[in-house]
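**Q** Before anything else, here's the structure in question.
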Amino acid sequence: MSFDAEAKMQFLFALRSKGVTDKAILSTMEKIDRGAFIQGYFRDRAYEDMPLPIACGQTISQPSVVALMTQALRVGPRDKVLEVGTGSGYQAAILSLLARRVYTVDRHRRLVIAAREVFDRLGLANITVFTADGSFGLPDQAPFDRILVTAAAEDPPGPLLAQLKIGGIMVVPVGQSDAVQRLIRVTRTESGFEYDELRPVRFVPLVEGLGKD
Ligand code: SAH
């Protein structure tokens with residue numbers, strides 16, 4: 001299915017009905033074709049509001065969850081953003097239209113290479129993608145205004161907290177990987193960190209070290 005007018009209308013309707021109200025975010029979701037980030041059989045289902053399998057046993061997140069996480073992150077046009085868990089690259093592409101600069105990392109080289117090709121094809125020049133264990137963040141590029149973790153951690157990783165600017169925000173799913181997790185928003189203040197519990201979510205786990213492929 002192409003990103004035709006009717007599919008797009010239904011897609012945007014599904015997002016609004018799940019609580020995505022931010023106009024700038026809805027407009028980026030309309031512009032970025034999710035089908036470009038999915039290969040093979042499941043591509044036909046790109047505009048359904050569900051997670052779908054990608055290579056390396058991973059998933060492209062559900063569009064409404066991508067939008068709600070982006071909304072929770074409160075991204076602005078001057079922000080330097082780190083995403084941990086590139087996966088298909090879809091979430092990074094959405095962030096790239098809202099932020100100044102996006103760094104994204106995945107532990108699977110194969111996913112990183114595929115995502116880089118899509119970013120090049122779509123002309124998304126403000127995204128840099130690395131193969132790395134994202135639990136350690138990117139010390140050379142730190143600090144960040146915003147950090148989005150798209151894999152579930154048992155706790156917000158310490159190195160990521162340390163790489164957040166004062167006034168910066170991190171959104172991270174927290175909990176056991178085989179259970180429903182909680183989406184947490186961490187705000188760094190002058191004196192420490194404030195935590196807000198947002199909604200239940202379900203993500204693949206944040207795994208230590210690099211993947212085999
Ligand atoms: N944001 C993605 C979906 C992420 S799925 C999208 O828009 O498609 C979670 C991703 O996190 C997977 O690709 C997985 O390989 C990656 N991941 C898990 N643990 C990681 C770690 N320690 N460092 C970097 N990436 C990790």
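Within each chain, counting starts at residue 1; across the structure tokens, chains are named A, B, ... in the order shown, with ligands numbered 1 upward in that order.
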Counting only C-alpha atoms and all ligand atoms, what residues are within 6 Å of ligand 1, given as JSON, numbers by chain?
**A** {"A": [58, 59, 60, 61, 84, 85, 86, 87, 88, 89, 90, 91, 105, 106, 107, 108, 132, 133, 134, 135, 150, 151, 204, 205, 206, 207, 208]}
**Q** Using only C-alpha atoms, determine which residues lie at most 12 Å from A:Val65, disregarding the query and same-chain residues fewer than 5 positions distant; provide the list as a ChimeraX atom specification.
**A** /A:14-16,18-20,29,49-51,60,70-72,90-91,150,173,183,198-203
**Q** What does the distance between atom CA of A:Leu138 and atom CA of A:Leu161 come to in Å, to one decimal place?
**A**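 Spanning atom CA of A:Leu138 to atom CA of A:Leu161 is a straight-line distance of 11.7 Å.
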**Q** Restricting the calculation to only C-alpha atoms, which member of A:Ala36, A:Ala67, A:Leu210, A:Val172 is positioned closest to A:Lys23?
**A**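 Using only C-alpha atoms, A:Lys23 sits closest to A:Ala67.
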**Q** Using the chain letters and numbers from this document, which residues of stretch 12-156 of chain A does DSSP assign to alpha helix (DSSP H), as a short mmCIF file (atom, residue, chain, number, x, y, z; two decimals) with all heavy atoms, in the first residue's frame?
**A**
data_model
loop_
_atom_site.label_atom_id
_atom_site.label_comp_id
_atom_site.auth_asym_id
_atom_site.auth_seq_id
_atom_site.Cartn_x
_atom_site.Cartn_y
_atom_site.Cartn_z
N LEU A 12 -3.69 9.11 10.77
CA LEU A 12 -3.71 10.30 11.63
C LEU A 12 -4.88 10.25 12.61
O LEU A 12 -4.76 10.67 13.76
CB LEU A 12 -3.77 11.57 10.77
CG LEU A 12 -2.50 11.82 9.95
CD1 LEU A 12 -2.71 12.94 8.95
CD2 LEU A 12 -1.30 12.11 10.86
N PHE A 13 -5.99 9.68 12.17
CA PHE A 13 -7.15 9.53 13.05
C PHE A 13 -6.81 8.61 14.22
O PHE A 13 -7.13 8.92 15.37
CB PHE A 13 -8.34 8.98 12.25
CG PHE A 13 -9.56 8.81 13.09
CD1 PHE A 13 -10.36 9.91 13.39
CD2 PHE A 13 -9.91 7.57 13.61
CE1 PHE A 13 -11.49 9.77 14.19
CE2 PHE A 13 -11.04 7.42 14.41
CZ PHE A 13 -11.82 8.52 14.70
N ALA A 14 -6.12 7.51 13.91
CA ALA A 14 -5.73 6.57 14.97
C ALA A 14 -4.82 7.27 15.98
O ALA A 14 -4.96 7.09 17.20
CB ALA A 14 -5.02 5.36 14.36
N LEU A 15 -3.90 8.10 15.49
CA LEU A 15 -2.99 8.81 16.40
C LEU A 15 -3.77 9.76 17.31
O LEU A 15 -3.57 9.78 18.52
CB LEU A 15 -1.94 9.60 15.61
CG LEU A 15 -0.97 8.77 14.77
CD1 LEU A 15 -0.04 9.69 13.98
CD2 LEU A 15 -0.16 7.83 15.64
N ARG A 16 -4.69 10.52 16.71
CA ARG A 16 -5.47 11.48 17.51
C ARG A 16 -6.31 10.75 18.55
O ARG A 16 -6.39 11.17 19.70
CB ARG A 16 -6.38 12.31 16.60
CG ARG A 16 -5.61 13.39 15.89
CD ARG A 16 -6.54 14.49 15.40
NE ARG A 16 -5.95 15.15 14.25
CZ ARG A 16 -6.16 14.76 12.99
NH1 ARG A 16 -7.01 13.78 12.72
NH2 ARG A 16 -5.56 15.38 12.01
N SER A 17 -6.88 9.62 18.16
CA SER A 17 -7.74 8.91 19.11
C SER A 17 -6.94 8.30 20.26
O SER A 17 -7.49 7.98 21.30
CB SER A 17 -8.58 7.86 18.39
OG SER A 17 -7.75 6.81 17.98
N LYS A 23 0.26 19.44 17.23
CA LYS A 23 0.12 19.63 15.78
C LYS A 23 1.42 19.40 15.04
O LYS A 23 1.45 18.81 13.96
CB LYS A 23 -0.39 21.04 15.49
CG LYS A 23 -1.83 21.23 15.88
CD LYS A 23 -2.51 22.23 14.95
CE LYS A 23 -3.99 22.31 15.21
NZ LYS A 23 -4.30 22.83 16.57
N ALA A 24 2.53 19.86 15.62
CA ALA A 24 3.84 19.70 14.95
C ALA A 24 4.17 18.21 14.83
O ALA A 24 4.70 17.75 13.82
CB ALA A 24 4.92 20.43 15.73
N ILE A 25 3.84 17.44 15.87
CA ILE A 25 4.12 16.00 15.83
C ILE A 25 3.22 15.30 14.82
O ILE A 25 3.68 14.50 14.01
CB ILE A 25 4.01 15.39 17.25
CG1 ILE A 25 5.12 15.97 18.14
CG2 ILE A 25 4.09 13.85 17.18
CD1 ILE A 25 5.07 15.56 19.59
N LEU A 26 1.94 15.66 14.80
CA LEU A 26 1.03 15.05 13.81
C LEU A 26 1.51 15.37 12.40
O LEU A 26 1.50 14.51 11.52
CB LEU A 26 -0.40 15.57 14.02
CG LEU A 26 -1.12 14.96 15.23
CD1 LEU A 26 -2.37 15.76 15.59
CD2 LEU A 26 -1.48 13.49 15.00
N SER A 27 2.02 16.57 12.22
CA SER A 27 2.49 16.94 10.88
C SER A 27 3.76 16.16 10.48
O SER A 27 3.89 15.73 9.34
CB SER A 27 2.63 18.46 10.83
OG SER A 27 3.68 18.84 10.05
N THR A 28 4.65 15.89 11.45
CA THR A 28 5.83 15.07 11.10
C THR A 28 5.42 13.63 10.82
O THR A 28 5.97 12.99 9.92
CB THR A 28 6.91 15.05 12.20
OG1 THR A 28 6.36 14.45 13.36
CG2 THR A 28 7.45 16.40 12.53
N MET A 29 4.41 13.14 11.53
CA MET A 29 3.95 11.76 11.31
C MET A 29 3.29 11.64 9.93
O MET A 29 3.27 10.58 9.33
CB MET A 29 2.95 11.33 12.39
CG MET A 29 3.46 11.39 13.82
SD MET A 29 4.67 10.15 14.31
CE MET A 29 3.74 8.65 14.34
N GLU A 30 2.75 12.76 9.46
CA GLU A 30 2.13 12.77 8.14
C GLU A 30 3.21 12.80 7.05
O GLU A 30 3.06 12.19 6.00
CB GLU A 30 1.22 14.00 8.04
CG GLU A 30 0.38 14.02 6.81
CD GLU A 30 -0.61 15.18 6.81
OE1 GLU A 30 -0.73 15.90 7.82
OE2 GLU A 30 -1.25 15.35 5.76
N LYS A 31 4.31 13.51 7.36
CA LYS A 31 5.36 13.68 6.34
C LYS A 31 6.23 12.46 6.17
O LYS A 31 6.67 12.16 5.07
CB LYS A 31 6.26 14.86 6.74
CG LYS A 31 5.67 16.19 6.42
CD LYS A 31 6.70 17.29 6.63
CE LYS A 31 5.99 18.62 6.74
NZ LYS A 31 6.39 19.38 7.94
N PRO A 63 3.14 3.26 15.89
CA PRO A 63 3.17 4.70 15.61
C PRO A 63 2.61 5.58 16.73
O PRO A 63 3.20 6.63 17.03
CB PRO A 63 2.32 4.83 14.34
CG PRO A 63 2.35 3.50 13.71
CD PRO A 63 2.55 2.48 14.80
N SER A 64 1.51 5.15 17.37
CA SER A 64 0.96 6.01 18.43
C SER A 64 1.93 6.11 19.60
O SER A 64 2.02 7.15 20.26
CB SER A 64 -0.40 5.52 18.90
OG SER A 64 -0.32 4.20 19.38
N VAL A 65 2.71 5.04 19.84
CA VAL A 65 3.69 5.07 20.93
C VAL A 65 4.86 5.99 20.55
O VAL A 65 5.35 6.78 21.36
CB VAL A 65 4.17 3.64 21.28
CG1 VAL A 65 5.33 3.66 22.26
CG2 VAL A 65 3.01 2.84 21.86
N VAL A 66 5.28 5.93 19.28
CA VAL A 66 6.32 6.84 18.79
C VAL A 66 5.87 8.29 19.00
O VAL A 66 6.61 9.13 19.54
CB VAL A 66 6.61 6.59 17.28
CG1 VAL A 66 7.47 7.69 16.67
CG2 VAL A 66 7.26 5.22 17.08
N ALA A 67 4.63 8.59 18.61
CA ALA A 67 4.12 9.96 18.72
C ALA A 67 3.99 10.39 20.18
O ALA A 67 4.37 11.51 20.54
CB ALA A 67 2.78 10.06 18.01
N LEU A 68 3.48 9.49 21.04
CA LEU A 68 3.28 9.85 22.45
C LEU A 68 4.62 10.02 23.17
O LEU A 68 4.76 10.90 24.03
CB LEU A 68 2.40 8.81 23.15
CG LEU A 68 0.93 8.84 22.71
CD1 LEU A 68 0.19 7.60 23.20
CD2 LEU A 68 0.22 10.11 23.21
N MET A 69 5.61 9.21 22.81
CA MET A 69 6.94 9.37 23.41
C MET A 69 7.56 10.69 22.96
O MET A 69 8.19 11.40 23.74
CB MET A 69 7.85 8.21 23.04
CG MET A 69 7.50 6.94 23.82
SD MET A 69 8.55 5.58 23.36
CE MET A 69 9.89 5.69 24.49
N THR A 70 7.36 11.02 21.70
CA THR A 70 7.90 12.28 21.16
C THR A 70 7.23 13.45 21.88
O THR A 70 7.89 14.43 22.25
CB THR A 70 7.66 12.34 19.64
OG1 THR A 70 8.17 11.16 19.05
CG2 THR A 70 8.35 13.55 19.03
N GLN A 71 5.93 13.34 22.10
CA GLN A 71 5.17 14.37 22.80
C GLN A 71 5.70 14.53 24.23
O GLN A 71 5.91 15.63 24.71
CB GLN A 71 3.70 13.96 22.79
CG GLN A 71 2.73 15.09 22.90
CD GLN A 71 1.30 14.65 22.50
OE1 GLN A 71 0.91 14.73 21.35
NE2 GLN A 71 0.52 14.20 23.46
N ALA A 72 5.93 13.39 24.90
CA ALA A 72 6.42 13.42 26.29
C ALA A 72 7.82 14.04 26.38
O ALA A 72 8.20 14.60 27.40
CB ALA A 72 6.45 11.99 26.85
N LEU A 73 8.57 13.96 25.29
CA LEU A 73 9.96 14.46 25.28
C LEU A 73 10.03 15.98 25.13
O LEU A 73 11.05 16.58 25.44
CB LEU A 73 10.70 13.76 24.13
CG LEU A 73 12.21 13.74 24.14
CD1 LEU A 73 12.76 13.00 25.37
CD2 LEU A 73 12.77 13.10 22.86
N TYR A 90 12.80 4.82 12.26
CA TYR A 90 11.56 5.61 12.12
C TYR A 90 11.46 6.71 13.19
O TYR A 90 11.21 7.88 12.89
CB TYR A 90 10.36 4.67 12.18
CG TYR A 90 9.02 5.36 12.08
CD1 TYR A 90 8.70 6.12 10.96
CD2 TYR A 90 8.07 5.23 13.08
CE1 TYR A 90 7.46 6.75 10.86
CE2 TYR A 90 6.83 5.85 12.98
CZ TYR A 90 6.53 6.60 11.87
OH TYR A 90 5.31 7.23 11.78
N GLN A 91 11.68 6.33 14.45
CA GLN A 91 11.58 7.32 15.53
C GLN A 91 12.62 8.44 15.35
O GLN A 91 12.32 9.61 15.56
CB GLN A 91 11.78 6.60 16.88
CG GLN A 91 11.90 7.51 18.08
CD GLN A 91 10.59 8.09 18.57
OE1 GLN A 91 9.78 7.41 19.17
NE2 GLN A 91 10.38 9.39 18.32
N ALA A 92 13.82 8.08 14.94
CA ALA A 92 14.87 9.09 14.72
C ALA A 92 14.46 10.05 13.61
O ALA A 92 14.70 11.26 13.70
CB ALA A 92 16.19 8.41 14.38
N ALA A 93 13.81 9.52 12.57
CA ALA A 93 13.37 10.37 11.46
C ALA A 93 12.32 11.38 11.94
O ALA A 93 12.37 12.56 11.58
CB ALA A 93 12.80 9.50 10.34
N ILE A 94 11.39 10.92 12.77
CA ILE A 94 10.38 11.83 13.33
C ILE A 94 11.08 12.93 14.15
O ILE A 94 10.80 14.12 13.99
CB ILE A 94 9.37 11.04 14.22
CG1 ILE A 94 8.61 9.98 13.41
CG2 ILE A 94 8.43 11.98 14.97
CD1 ILE A 94 7.64 10.50 12.38
N LEU A 95 12.03 12.52 15.01
CA LEU A 95 12.73 13.49 15.85
C LEU A 95 13.51 14.49 14.99
O LEU A 95 13.60 15.67 15.34
CB LEU A 95 13.71 12.76 16.79
CG LEU A 95 13.06 11.92 17.90
CD1 LEU A 95 14.10 11.06 18.60
CD2 LEU A 95 12.34 12.82 18.91
N SER A 96 14.05 14.02 13.87
CA SER A 96 14.93 14.88 13.06
C SER A 96 14.18 16.08 12.47
O SER A 96 14.79 17.10 12.17
CB SER A 96 15.60 14.08 11.95
OG SER A 96 14.70 13.88 10.88
N ARG A 109 24.75 -3.69 14.10
CA ARG A 109 25.34 -2.98 12.97
C ARG A 109 24.44 -3.04 11.72
O ARG A 109 24.33 -2.09 10.96
CB ARG A 109 26.70 -3.61 12.65
CG ARG A 109 27.74 -2.63 12.20
CD ARG A 109 29.12 -3.26 12.30
NE ARG A 109 29.30 -4.23 11.24
CZ ARG A 109 29.77 -3.94 10.03
NH1 ARG A 109 30.12 -2.71 9.74
NH2 ARG A 109 29.89 -4.87 9.12
N ARG A 110 23.82 -4.20 11.56
CA ARG A 110 22.97 -4.38 10.39
C ARG A 110 21.80 -3.38 10.37
O ARG A 110 21.43 -2.85 9.32
CB ARG A 110 22.45 -5.82 10.43
CG ARG A 110 21.67 -6.20 9.24
CD ARG A 110 21.37 -7.68 9.28
NE ARG A 110 20.22 -7.93 8.45
CZ ARG A 110 19.48 -9.02 8.51
NH1 ARG A 110 19.78 -9.97 9.38
NH2 ARG A 110 18.46 -9.17 7.72
N LEU A 111 21.22 -3.11 11.54
CA LEU A 111 20.14 -2.14 11.62
C LEU A 111 20.66 -0.73 11.37
O LEU A 111 20.00 0.09 10.72
CB LEU A 111 19.45 -2.22 12.99
CG LEU A 111 18.71 -3.54 13.30
CD1 LEU A 111 18.16 -3.51 14.73
CD2 LEU A 111 17.58 -3.78 12.30
N VAL A 112 21.85 -0.46 11.89
CA VAL A 112 22.46 0.87 11.73
C VAL A 112 22.70 1.16 10.24
O VAL A 112 22.37 2.25 9.75
CB VAL A 112 23.78 0.96 12.54
CG1 VAL A 112 24.61 2.17 12.14
CG2 VAL A 112 23.45 0.99 14.04
N ILE A 113 23.23 0.16 9.53
CA ILE A 113 23.52 0.35 8.10
C ILE A 113 22.22 0.59 7.32
O ILE A 113 22.13 1.50 6.50
CB ILE A 113 24.30 -0.87 7.54
CG1 ILE A 113 25.70 -0.89 8.16
CG2 ILE A 113 24.36 -0.84 6.02
CD1 ILE A 113 26.47 -2.18 7.95
N ALA A 114 21.20 -0.22 7.62
CA ALA A 114 19.91 -0.07 6.92
C ALA A 114 19.28 1.29 7.22
O ALA A 114 18.77 1.96 6.31
CB ALA A 114 18.97 -1.20 7.31
N ALA A 115 19.34 1.71 8.48
CA ALA A 115 18.73 3.00 8.85
C ALA A 115 19.47 4.15 8.17
O ALA A 115 18.84 5.08 7.64
CB ALA A 115 18.75 3.18 10.37
N ARG A 116 20.80 4.05 8.12
CA ARG A 116 21.60 5.11 7.49
C ARG A 116 21.21 5.27 6.02
O ARG A 116 21.09 6.39 5.52
CB ARG A 116 23.08 4.77 7.63
CG ARG A 116 23.99 5.91 7.24
CD ARG A 116 25.46 5.53 7.46
NE ARG A 116 25.85 5.53 8.86
CZ ARG A 116 26.57 4.56 9.43
NH1 ARG A 116 26.98 3.51 8.73
NH2 ARG A 116 26.90 4.65 10.71
N GLU A 117 20.97 4.15 5.35
CA GLU A 117 20.55 4.20 3.94
C GLU A 117 19.22 4.92 3.78
O GLU A 117 19.05 5.71 2.86
CB GLU A 117 20.41 2.78 3.38
CG GLU A 117 21.72 2.24 2.86
CD GLU A 117 21.59 0.77 2.44
OE1 GLU A 117 20.46 0.31 2.13
OE2 GLU A 117 22.63 0.10 2.45
N VAL A 118 18.29 4.63 4.69
CA VAL A 118 16.97 5.29 4.58
C VAL A 118 17.11 6.80 4.85
O VAL A 118 16.54 7.62 4.14
CB VAL A 118 15.92 4.66 5.53
CG1 VAL A 118 14.54 5.28 5.31
CG2 VAL A 118 15.84 3.16 5.35
N PHE A 119 17.91 7.16 5.87
CA PHE A 119 18.09 8.60 6.18
C PHE A 119 18.67 9.31 4.95
O PHE A 119 18.26 10.41 4.60
CB PHE A 119 19.02 8.80 7.39
CG PHE A 119 18.54 8.18 8.67
CD1 PHE A 119 19.46 7.69 9.61
CD2 PHE A 119 17.19 8.08 8.96
CE1 PHE A 119 19.03 7.12 10.81
CE2 PHE A 119 16.75 7.50 10.16
CZ PHE A 119 17.67 7.02 11.08
N ASP A 120 19.65 8.67 4.29
CA ASP A 120 20.27 9.27 3.10
C ASP A 120 19.23 9.43 1.99
O ASP A 120 19.13 10.48 1.36
CB ASP A 120 21.42 8.40 2.58
CG ASP A 120 22.65 8.51 3.49
OD1 ASP A 120 22.67 9.41 4.36
OD2 ASP A 120 23.58 7.68 3.34
N ARG A 121 18.46 8.36 1.79
CA ARG A 121 17.46 8.38 0.72
C ARG A 121 16.42 9.47 0.96
O ARG A 121 15.98 10.14 0.03
CB ARG A 121 16.79 7.00 0.64
CG ARG A 121 15.82 6.82 -0.48
CD ARG A 121 15.78 5.37 -1.01
NE ARG A 121 15.93 4.35 0.01
CZ ARG A 121 14.91 3.81 0.69
NH1 ARG A 121 13.68 4.21 0.51
NH2 ARG A 121 15.14 2.85 1.58
N LEU A 122 16.03 9.68 2.22
CA LEU A 122 15.01 10.69 2.52
C LEU A 122 15.61 12.08 2.71
O LEU A 122 14.90 13.04 2.98
CB LEU A 122 14.22 10.29 3.79
CG LEU A 122 13.46 8.95 3.75
CD1 LEU A 122 12.68 8.73 5.04
CD2 LEU A 122 12.50 8.89 2.55
#
**Q** Using atom CA of A:Val75 and atom CA of A:Asp178 as the two end points, give the distance in Å to one decimal.
**A**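 These atoms are spaced 29.4 Å apart.
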**Q** Please, what distance in Å, to one decimal, runs between atom CA of A:Arg146 and atom CA of A:Ile169?
**A** 5.0 Å
**Q** With DSSP run on the backbone, what are the strand (DSSP E or B) residues within stretch 17-211 of chain A? I'd like them as a ChimeraX atom specification.
**A** /A:52-53,59-60,80-84,101-106,127-131,144-149,152-153,164-174,181-188,193-201,205
**Q** If we count only C-alpha atoms and set the cut-off at 8 Å, which residues sit around A:Ala142, ignoring sequence neighbours fewer than 3 positions away in its own chain? Please answer as JSON, numbers by chain.
**A** {"A": [137, 138, 139, 163, 164]}
**Q** Contacts of stretch 185-196 of chain A at 6 Å or less, counting only C-alpha atoms, minus same-chain residues fewer than 5 places along, as a PyMOL selection string?
**A** chain A and resi 166-171
**Q** Looking at A:Pro157, A:Pro53, A:Ile184, A:Arg78, which one is nearest to A:Phe144, with distances taken over only C-alpha atoms?
**A** A:Arg78
**Q** So that I can see what lies close to A:Gly35, please list as a tab-separated table (two decimals) with all heavy atoms, in the first residue's frame the residues with an atom at most 10 Å from it, counting only C-alpha atoms and leaving out residues fewer than 2 positions away in the same chain.
**A**
chain	number	residue	atom	x	y	z
A	1	MET	N	0.85	-1.19	0.00
A	1	MET	CA	0.00	0.00	0.00
A	1	MET	C	0.89	1.25	0.00
A	1	MET	O	1.88	1.31	0.72
A	1	MET	CB	-0.85	0.01	1.28
A	1	MET	CG	-1.97	0.99	1.27
A	1	MET	SD	-2.42	1.47	2.94
A	1	MET	CE	-3.16	-0.03	3.56
A	2	SER	N	0.56	2.22	-0.83
A	2	SER	CA	1.33	3.46	-0.78
A	2	SER	C	0.74	4.34	0.32
A	2	SER	O	-0.32	4.06	0.84
A	2	SER	CB	1.26	4.16	-2.13
A	2	SER	OG	-0.07	4.56	-2.35
A	3	PHE	N	1.45	5.42	0.60
A	3	PHE	CA	0.97	6.31	1.65
A	3	PHE	C	-0.09	7.20	1.02
A	3	PHE	O	0.09	8.40	0.86
A	3	PHE	CB	2.15	7.12	2.18
A	3	PHE	CG	1.96	7.60	3.60
A	3	PHE	CD1	1.08	6.98	4.46
A	3	PHE	CD2	2.68	8.68	4.06
A	3	PHE	CE1	0.90	7.43	5.77
A	3	PHE	CE2	2.52	9.13	5.37
A	3	PHE	CZ	1.63	8.51	6.21
A	32	ILE	N	6.57	11.78	7.29
A	32	ILE	CA	7.53	10.67	7.20
A	32	ILE	C	6.77	9.37	6.91
A	32	ILE	O	5.92	8.96	7.69
A	32	ILE	CB	8.33	10.53	8.53
A	32	ILE	CG1	9.12	11.81	8.84
A	32	ILE	CG2	9.23	9.29	8.49
A	32	ILE	CD1	10.40	11.99	8.08
A	33	ASP	N	7.10	8.75	5.79
A	33	ASP	CA	6.43	7.53	5.35
A	33	ASP	C	6.98	6.33	6.12
A	33	ASP	O	8.11	5.92	5.90
A	33	ASP	CB	6.69	7.40	3.84
A	33	ASP	CG	6.13	6.13	3.27
A	33	ASP	OD1	5.47	5.36	3.99
A	33	ASP	OD2	6.34	5.92	2.06
A	37	PHE	N	10.60	2.42	6.22
A	37	PHE	CA	11.45	1.84	7.27
A	37	PHE	C	11.18	0.35	7.49
A	37	PHE	O	11.71	-0.25	8.40
A	37	PHE	CB	11.24	2.61	8.58
A	37	PHE	CG	11.67	4.04	8.47
A	37	PHE	CD1	10.80	5.01	7.99
A	37	PHE	CD2	12.97	4.41	8.80
A	37	PHE	CE1	11.21	6.33	7.85
A	37	PHE	CE2	13.38	5.72	8.67
A	37	PHE	CZ	12.50	6.68	8.19
A	38	ILE	N	10.30	-0.21	6.66
A	38	ILE	CA	9.93	-1.62	6.82
A	38	ILE	C	10.21	-2.34	5.50
A	38	ILE	O	9.79	-1.88	4.44
A	38	ILE	CB	8.43	-1.74	7.18
A	38	ILE	CG1	8.13	-0.94	8.44
A	38	ILE	CG2	8.02	-3.21	7.35
A	38	ILE	CD1	6.66	-0.76	8.73
A	39	GLN	N	10.92	-3.47	5.58
A	39	GLN	CA	11.20	-4.25	4.37
A	39	GLN	C	10.28	-5.46	4.32
A	39	GLN	O	9.93	-6.02	5.35
A	39	GLN	CB	12.65	-4.74	4.38
A	39	GLN	CG	13.63	-3.76	3.72
A	39	GLN	CD	14.08	-2.71	4.70
A	39	GLN	OE1	14.44	-3.03	5.81
A	39	GLN	NE2	14.06	-1.44	4.28
A	40	GLY	N	9.96	-5.85	3.08
A	40	GLY	CA	9.30	-7.14	2.86
A	40	GLY	C	7.83	-7.15	3.21
A	40	GLY	O	7.14	-6.14	3.17
A	42	PHE	N	5.76	-7.22	5.72
A	42	PHE	CA	5.01	-6.39	6.67
A	42	PHE	C	4.83	-4.94	6.21
A	42	PHE	O	4.12	-4.17	6.81
A	42	PHE	CB	5.66	-6.43	8.05
A	42	PHE	CG	5.44	-7.74	8.74
A	42	PHE	CD1	6.46	-8.69	8.80
A	42	PHE	CD2	4.21	-8.05	9.29
A	42	PHE	CE1	6.26	-9.90	9.42
A	42	PHE	CE2	3.99	-9.27	9.91
A	42	PHE	CZ	5.01	-10.20	9.98
A	43	ARG	N	5.52	-4.59	5.12
A	43	ARG	CA	5.43	-3.23	4.62
A	43	ARG	C	3.99	-2.80	4.34
A	43	ARG	O	3.61	-1.64	4.54
A	43	ARG	CB	6.26	-3.14	3.34
A	43	ARG	CG	6.55	-1.75	2.95
A	43	ARG	CD	7.62	-1.72	1.90
A	43	ARG	NE	8.07	-0.35	1.80
A	43	ARG	CZ	9.20	-0.02	1.27
A	43	ARG	NH1	10.02	-0.93	0.82
A	43	ARG	NH2	9.53	1.24	1.21
A	44	ASP	N	3.18	-3.74	3.87
A	44	ASP	CA	1.77	-3.46	3.58
A	44	ASP	C	1.00	-3.01	4.81
A	44	ASP	O	-0.09	-2.46	4.70
A	44	ASP	CB	1.08	-4.73	3.08
A	44	ASP	CG	1.37	-4.97	1.62
A	44	ASP	OD1	2.05	-4.13	1.02
A	44	ASP	OD2	0.93	-6.01	1.11
A	45	ARG	N	1.55	-3.30	5.98
A	45	ARG	CA	0.81	-2.97	7.21
A	45	ARG	C	1.38	-1.75	7.91
A	45	ARG	O	1.07	-1.47	9.06
A	45	ARG	CB	0.82	-4.19	8.13
A	45	ARG	CG	0.40	-5.43	7.35
A	45	ARG	CD	0.14	-6.59	8.23
A	45	ARG	NE	-1.02	-6.37	9.06
A	45	ARG	CZ	-1.56	-7.31	9.81
A	45	ARG	NH1	-1.04	-8.52	9.84
A	45	ARG	NH2	-2.59	-7.05	10.56
A	46	ALA	N	2.22	-1.00	7.17
A	46	ALA	CA	2.95	0.13	7.76
A	46	ALA	C	2.03	1.18	8.39
A	46	ALA	O	2.43	1.87	9.32
A	46	ALA	CB	3.83	0.79	6.71
A	47	TYR	N	0.78	1.30	7.88
A	47	TYR	CA	-0.08	2.38	8.38
A	47	TYR	C	-1.10	1.89	9.38
A	47	TYR	O	-2.04	2.58	9.72
A	47	TYR	CB	-0.72	3.13	7.19
A	47	TYR	CG	0.39	3.45	6.27
A	47	TYR	CD1	0.55	2.78	5.07
A	47	TYR	CD2	1.40	4.31	6.71
A	47	TYR	CE1	1.67	2.99	4.30
A	47	TYR	CE2	2.51	4.51	5.94
A	47	TYR	CZ	2.65	3.85	4.74
A	47	TYR	OH	3.77	4.04	4.00
A	90	TYR	N	12.80	4.82	12.26
A	90	TYR	CA	11.56	5.61	12.12
A	90	TYR	C	11.46	6.71	13.19
A	90	TYR	O	11.21	7.88	12.89
A	90	TYR	CB	10.36	4.67	12.18
A	90	TYR	CG	9.02	5.36	12.08
A	90	TYR	CD1	8.70	6.12	10.96
A	90	TYR	CD2	8.07	5.23	13.08
A	90	TYR	CE1	7.46	6.75	10.86
A	90	TYR	CE2	6.83	5.85	12.98
A	90	TYR	CZ	6.53	6.60	11.87
A	90	TYR	OH	5.31	7.23	11.78
**Q** So, with only C-alpha atoms as the atoms that count, which of A:Asp140, A:Asp79, A:Asp4, A:Glu48 lies closest to A:Val102?
**A** A:Asp79
**Q** Rank nothing, just name the residue among A:Lys8, A:Arg74, A:Arg182, A:Arg101 nearest to A:Thr128, using only C-alpha atoms.
**A** A:Arg101
**Q** When distances are computed from only C-alpha atoms, which of A:Gly123, A:Pro143, A:Gly175, A:Gly57 shows the smallest separation from A:Asp155?
**A** A:Gly175
